[in-house]
Amino acid sequence: MDSDDNRNWDWDSSNCRAQLDEVFFRRHDYIQAGSPEHREFWAFFDRFQSFKMKRDMSGLATSRDEMSREDRRRKISSETVDLGLPKEYDARYRINLSVCTRDVEERLGVSKHASRHRSSGPGNQEISDCRVALLHFLDFTQRQSFIKLAKLRRDQKNLPIFQYRDKIVDLIRLHPVVVVAGDTGCGKSTQVPQYLLSAGFSHIACTQPRRIACISLAKRVSFESLNQFGSKVGHQIRFETTRTKATKLLFLTEGLLLRQIQHDRTLAQYQVVIVDEVHERHLHCDFLLGVLRTLVAERPDLRLILMSATINIKLFSDYFRSAPVLQVPGRLFPIQVTYQPIPPEEQASRSEKMDPRPYLRILQGIDQRYPPEERGDLLIFLSGLAEISTIQEACQIYATHTRRWIVLPLHSTLSLAQQDKVFDISPTGVRKCIISTNIAETSVTIDGVRFVVDSGKVKEMSFDPKAKMQRLQEFWISRASSEQRKGRAGRTGPGVCYRLYAESDYDAFAPYPVPEIHRVSLDSLILQMKSMDLGDPLSFVFIDPPPAASIQTAITYLKEQGALDRRGELTSIGSLLAQLPVDVVIGKMLVLGSLFNLVESVLTVAAALSVQSPFLRSSQHNPDCATARQSLHSNQGDPFTLLNTFNAWVEIKGERGGGSRKWCRRRGLEEQRLYEMVNLRRQFKDLLKDHGLLESNFSTSSDGDRGQRRERLTERKKLHQMKRDHEQHESTKRKVLKMNEGQDEFSSGSDTEKTGRGKKDKKGSGSNVDIQEVKFKLRHNMSELQDAVSVSQDLSSRQQALLKLLLCRGLYPQMALPDEHNTSRKDSDQVFHTKNKQGVVMHPTSVFATDPEVLLVPEEESRDTEANKRESSRHQLLAFVTLLETNRPYLTNCVRVPALQTLLLVANTIDSNADCTRLVVDGWLELELRNPEEALKVLSSALTLRAEWERLLLAQLDHNTSRGESTQGVSRKTTEKLSEGLVRYLMYTEVIYSLRRITALQMQNLYIGPQTESGLSNLKSPGLGSLSPGTEAKPDPIKGGLQVTSFFTYNCLADSRDLYSECLRTFWACPNCDLYMPLTPLERMQHETSCRPAGEQQQEAEPESGQKSSSGMSSLSRVYHCDICNKDLTLTSTEILKHKRQHMYSANN
Amino acid sequence: TSSHVQSDAFNIFSCQLCDLRSPYSYYGQKPPNTRAIVLLEECFVTKDPFSPDREKFLILGSECSLCRKRVCVGSDCSLFYTKRFCMECVNKHLNQFPHQIQAELAKKKPPRDPKSVQR
Ligand SMILES: [Zn+2]
Ligand SMILES: [Zn+2]
């Protein structure tokens, strides 16, 4: 060792370290300079040096070593084997690696001489020190990874299911269908897929009812199967997938697997399908099982595994021809059950708030019986949000007083940050009191719960097919749910379950919850069945068939929506809707929107209506939030408010990026929902492009100069790194809760704002990145999004009118009529009626709940003629997204529209009297127009517009189905003309009319009914026929009158004065041609739809003339047999009229 | 059991003492992409599953230099001191090991015994 060198060498100098990097951490070395491991090494090096220093100073090592050597030498002599171990102990002997750097050292000329010359280079000693440290570092990292691996394997072995491993694999090899039943904690969801993987199966699909479970399971299983950084295990959900060609095991939602079956009917892409949590009996799951049941027969090589809790196992086994069942015991600690029925005086009646006393007694009891140092949290199951806030309030007062509890609510409408708090840890001596809906029964698992309080109640959404209404009702839970709730107390140790009902109640509970298929509307299901060609839905073999009536309701609804034709076959729009993973109503909006130049707005609205509202309920009564939100509100309706909100948010994101979080908080918005909206919107757009409904002509992000592109690329790289970093550190953050946590909701608005902001800012400045922002930037092209938004911002009143019409046509028949007496009612008492349900009210979150005046017919413009008959040109209707009954029936997500115009443009049936002054729409709304002249005009314009709209829509859909061929889509010009026409009709139609519901009594005598042959002869006269060429108007067999189009029946309304009025002709001059003659109303309409202004006629007629020559007949002219001349004439409708007129005049004369 | 035979077909390393099982991708002293690093014994090696870096390796185990048992590198199963020794062999020849190792093992033993009885 050279003392000179030592003096010049400084281990702390970065320069010196860099020289060693040249030896050990070169570009191609195992550890490279600049990598995270490299940084870790030097940190390790410092620790290692100081450890060595301490040991050397204690100086004990050598003397003991001498002794032991003596010892050993003595003993070896008496043994048979000499292990040949070195005489002197050195920790290096315990490392099974070495690092050879001789070549580099030589090249660098590391030697005493060289280093002396340069006086700063590393000498042999430094090299050797560094090498020893590196060896120890490598050994240390090896050890660390191995400990992780060993722990992982140990944990796997300790799961109850582990001992069934071989049995499960054997069963699956032998049988096409196997049922694995095991309770919570047995490990089936994570382990069974892994057993299959290691037994050599690949192409495994494992379905989950919840998206979040797909993500977390894929993450867990890829970690456990040592593929954390590969793609052997992946997930696929609505917005994202990690699936690659290398993926052998895929976690996906039930709905998604069903969609895959639509394209890959035999699921050829999979060898094994695992359907997990079948006992939850979700709609999609029940349906999936039905589809798989037939598939198993077709594909003997397919393996199907059903995984279930130990609930009703026989049902599943029987459904699959007595499939073998493997039952695995769960791992639950003993739970003591106490029945504490609520005394009558504390039971709430329907209208009252809940009495919190039974719950407070339990908190008190726990405080008395269990010392605070014995940890264990409390989980209370309540039925709904109102109940939670009542009990939360009472418990919070108790908690503030005793300082032994932190009260936290848990339900799906909370912000995610608030939901996440239930996983945080309480300070010692303090318990969490989590007050939850049934979300904590299966979806959310919280460890450390020792006490469970079960109210025995649940609120469930059910569908009332008669009123076409969603209903949120409170029910007793089932015994299965009750057991599930109890089980939550015994996951981490023995627990206690307090049941707030009697044991006799428990015994009277239904054994299982009602499966979803029996509770919900089956529209989407039936549509999907139709598109999968599964035959008659009524004869499909479901595991537990839904009532025939509810299938029938769905079919009727789909017919009303135009997704099925009269015979129940899919229409072209129907088959498209079946492929869109959204509600029929939303899907329809998208398709309609794609036709017009309003796609961007429709995309946003459709996305907004498909996710939970971003407006947080808790901020509803916060005056500051209300003020900040004001500018977002639109009194056109809630979808417009959502549109404004989304647009404003995108704008803020463009300006301040992550600052949008603060912007949202100030307005009481849950940003997560906006992220969902932007993702969904993107998915909708892609779907429309995939189906040829949207041109993908956008000159993608590749524009911009090279510099910009490089910049974007670097940014993306950075973002990806941030995402990876976040994912690696994600699991390690569990915060300790503060005592005042969960109290935010009660503090006044401005306080919440301030404390909230302070907390988050601290978080933001640290290492905690806003991962949502990062993902957002990775997924979306900001400038493209801003473009899209700027198009839909500040819509002109014309665009607004058109957008409303599109929404309406999508939502129809979901329309509500304001009650005629609303003018004299208080704001909060405004009443509305739908076709099937009377007396519904506005949901308090709706913009019309705060601003109902805009719905009233302006007083000065209306006048009452008779009782209940107010005439005006400004009647309005509401289109709504859902009718939801909780304690009252509520309309949600409403938009207001001009009544007459909208009805005539979108209604399914329109019936008229002879002069069309009286119209009945869909058998529930009656419109009476004062002026027959106006009535005819407004009706015939509607018929013309609708015919054109339908034609373009079909052309668009046909274009999409026969893509690749030379068929031309609808030209921009034609759609612009149509939208111009629609807008003009919506905005400038000024007719005075009255609007009211038809009473039951009126309904009985509404129609003329079928007519005798002689009565019909007059109507049947040719030329008066169809408005859409090719279909003849024919008498309606039930209502009477003439079916003019699929939706319009002329002169079928029984009405004292019009029996003969259809024969009454009045002189009329056509504004477009020189026709001037007396016509009946129908004749006039007929002429109007076929006679276009001169300029228009020219270009429209041209393509038709080509057809004429080939078919020998214009579609406008037809063979007409004149009885008087007794001749067959080829005439256009107008010519026929003229011809007939001649005879009339001559007869009269 | 029969599954042991199967394991070999899939290149599965399994420890004959604790039955830890894991697939391995390399057996020998010079795993791929390790550059200057050389192993001092023939090892069962896999890619380090806990590192995002594809080139990082993890040694699972090797053969006991005395009895030729396949053992994992876990401290309950084996020990490396210039050579690999399974714990059975270490205990048999404990006195030939330096006192540092003896002391270490003695320290580890007492708390382990009652635990294993419990299981
Ligand atoms: Zn072992
Ligand atoms: Zn051995």
# chains A, B, ... in the order shown; residues from 1 in each chain; ligands from 1
$ residues_near_ligand --ligand "ligand 1" --cutoff "9 Å" --atoms "only C-alpha atoms and all ligand atoms" --output "VMD selection string"
(chain A and resid 150) or (chain B and resid 14 to 21 61 70 to 78 86)
$ residues_around --residues "Leu378 of chain A" --least-positions-apart "6" --cutoff "8 Å" --atoms "only C-alpha atoms" --output "PyMOL selection string"
chain A and resi 431-434+449-453
$ residues_around --residues "segment 598-603 of chain A" --least-positions-apart "2" --cutoff "6 Å" --atoms "only C-alpha atoms" --output "ChimeraX atom specification"
/A:593-594,596,605-606,681,788,792
$ closest_residue --among "B:Lys69, B:His99, B:Lys47, B:Lys107" --to "chain A" --atoms "only C-alpha atoms"
B:His99
$ residues_around --residues "Leu217 of chain A" --least-positions-apart "6" --cutoff "8 Å" --atoms "only C-alpha atoms" --output "short mmCIF file (atom, residue, chain, number, x, y, z; two decimals) with C-alpha atoms, in the first residue's frame"
data_model
loop_
_atom_site.label_atom_id
_atom_site.label_comp_id
_atom_site.auth_asym_id
_atom_site.auth_seq_id
_atom_site.Cartn_x
_atom_site.Cartn_y
_atom_site.Cartn_z
CA SER A 189 -59.08 -16.53 -7.05
CA THR A 190 -55.33 -16.07 -6.94
CA PHE A 251 -58.34 -11.42 -16.09
#
$ select_by_dssp --residues "segment 1-100 of chain B" --states "alpha helix (DSSP H)" --output "PyMOL selection string"
chain B and resi 2-9+87-92+99-100
$ write_last_selection --atoms "N, CA and C atoms" --output "short mmCIF file (atom, residue, chain, number, x, y, z; two decimals), in the first residue's frame"
data_model
loop_
_atom_site.label_atom_id
_atom_site.label_comp_id
_atom_site.auth_asym_id
_atom_site.auth_seq_id
_atom_site.Cartn_x
_atom_site.Cartn_y
_atom_site.Cartn_z
N SER B 2 -45.27 -37.88 -7.72
CA SER B 2 -45.23 -37.82 -9.17
C SER B 2 -44.96 -36.40 -9.67
N SER B 3 -45.38 -35.42 -8.88
CA SER B 3 -45.22 -34.05 -9.32
C SER B 3 -43.75 -33.65 -9.42
N HIS B 4 -42.90 -34.36 -8.68
CA HIS B 4 -41.47 -34.05 -8.78
C HIS B 4 -40.95 -34.34 -10.17
N VAL B 5 -41.39 -35.46 -10.70
CA VAL B 5 -40.97 -35.85 -12.04
C VAL B 5 -41.42 -34.78 -13.03
N GLN B 6 -42.65 -34.37 -12.82
CA GLN B 6 -43.22 -33.37 -13.70
C GLN B 6 -42.42 -32.07 -13.66
N SER B 7 -42.03 -31.69 -12.44
CA SER B 7 -41.31 -30.43 -12.27
C SER B 7 -40.11 -30.37 -13.20
N ASP B 8 -39.39 -31.49 -13.30
CA ASP B 8 -38.19 -31.49 -14.11
C ASP B 8 -38.51 -31.15 -15.56
N ALA B 9 -39.63 -31.66 -16.00
CA ALA B 9 -40.02 -31.40 -17.38
C ALA B 9 -40.19 -29.91 -17.64
N MET B 87 -27.97 -27.76 5.27
CA MET B 87 -28.00 -27.58 6.71
C MET B 87 -27.76 -28.90 7.45
N GLU B 88 -28.17 -30.01 6.85
CA GLU B 88 -27.94 -31.31 7.48
C GLU B 88 -26.45 -31.59 7.61
N CYS B 89 -25.75 -31.28 6.50
CA CYS B 89 -24.30 -31.51 6.54
C CYS B 89 -23.61 -30.50 7.46
N VAL B 90 -24.10 -29.27 7.47
CA VAL B 90 -23.51 -28.27 8.35
C VAL B 90 -23.61 -28.74 9.79
N ASN B 91 -24.78 -29.21 10.14
CA ASN B 91 -24.98 -29.64 11.52
C ASN B 91 -24.10 -30.86 11.86
N LYS B 92 -23.93 -31.71 10.89
CA LYS B 92 -23.10 -32.90 11.11
C LYS B 92 -21.65 -32.51 11.39
N HIS B 99 -16.04 -20.17 14.33
CA HIS B 99 -16.94 -19.89 15.45
C HIS B 99 -17.97 -18.81 15.09
N GLN B 100 -17.59 -17.91 14.19
CA GLN B 100 -18.56 -16.88 13.78
C GLN B 100 -19.83 -17.53 13.25
#
$ atom_distance --atom1 "atom CA of Arg716 of chain A" --atom2 "atom CA of Lys777 of chain A"
8.2 Å
$ atom_distance --atom1 "atom CA of Leu1001 of chain A" --atom2 "atom CA of Glu933 of chain A"
29.3 Å
$ atom_distance --atom1 "atom CA of Tyr1050 of chain A" --atom2 "atom CA of Tyr993 of chain A"
18.8 Å
$ interface_residues --of "chain A" --to "chain B" --cutoff "6 Å" --atoms "only C-alpha atoms" --output "CSV table (one decimal) with N, CA, C and O atoms, in the first residue's frame"
chain,number,residue,atom,x,y,z
A,29,ASP,N,-21.8,-3.4,-18.2
A,29,ASP,CA,-21.6,-4.2,-17.0
A,29,ASP,C,-23.0,-4.5,-16.4
A,29,ASP,O,-24.0,-4.0,-16.8
A,30,TYR,N,-23.0,-5.5,-15.5
A,30,TYR,CA,-24.2,-5.9,-14.8
A,30,TYR,C,-24.9,-4.8,-14.2
A,30,TYR,O,-26.1,-4.7,-14.3
A,68,SER,N,-10.5,-20.1,17.9
A,68,SER,CA,-11.4,-21.1,17.2
A,68,SER,C,-10.6,-22.0,16.2
A,68,SER,O,-10.9,-23.1,16.0
A,72,ARG,N,-10.7,-25.9,16.2
A,72,ARG,CA,-11.1,-26.7,15.0
A,72,ARG,C,-10.1,-27.8,14.7
A,72,ARG,O,-10.4,-28.9,14.5
A,93,TYR,N,-15.7,-15.4,2.2
A,93,TYR,CA,-15.9,-16.8,1.8
A,93,TYR,C,-17.4,-17.2,1.8
A,93,TYR,O,-17.7,-18.3,1.3
A,94,ARG,N,-18.2,-16.3,2.3
A,94,ARG,CA,-19.6,-16.7,2.4
A,94,ARG,C,-20.4,-16.2,1.1
A,94,ARG,O,-21.6,-16.4,1.0
A,96,ASN,N,-21.0,-16.4,-2.8
A,96,ASN,CA,-20.7,-17.4,-3.9
A,96,ASN,C,-20.6,-16.8,-5.3
A,96,ASN,O,-20.8,-17.4,-6.3
A,97,LEU,N,-20.1,-15.5,-5.3
A,97,LEU,CA,-19.9,-14.8,-6.6
A,97,LEU,C,-18.5,-14.2,-6.5
A,97,LEU,O,-18.0,-13.9,-5.5
A,98,SER,N,-18.0,-13.9,-7.7
A,98,SER,CA,-16.8,-13.1,-7.8
A,98,SER,C,-17.0,-12.2,-9.0
A,98,SER,O,-17.7,-12.4,-9.9
A,99,VAL,N,-16.2,-11.1,-8.9
A,99,VAL,CA,-16.2,-10.1,-10.0
A,99,VAL,C,-14.9,-10.0,-10.6
A,99,VAL,O,-13.9,-9.6,-9.9
A,100,CYS,N,-14.7,-10.3,-11.9
A,100,CYS,CA,-13.4,-10.2,-12.6
A,100,CYS,C,-13.3,-8.9,-13.4
A,100,CYS,O,-14.1,-8.7,-14.3
A,226,LEU,N,-44.2,-14.7,-10.4
A,226,LEU,CA,-42.9,-14.2,-10.7
A,226,LEU,C,-42.9,-13.5,-12.1
A,226,LEU,O,-41.9,-13.7,-12.8
A,229,PHE,N,-43.0,-8.2,-14.1
A,229,PHE,CA,-42.6,-7.2,-15.1
A,229,PHE,C,-42.8,-7.7,-16.5
A,229,PHE,O,-42.3,-7.1,-17.5
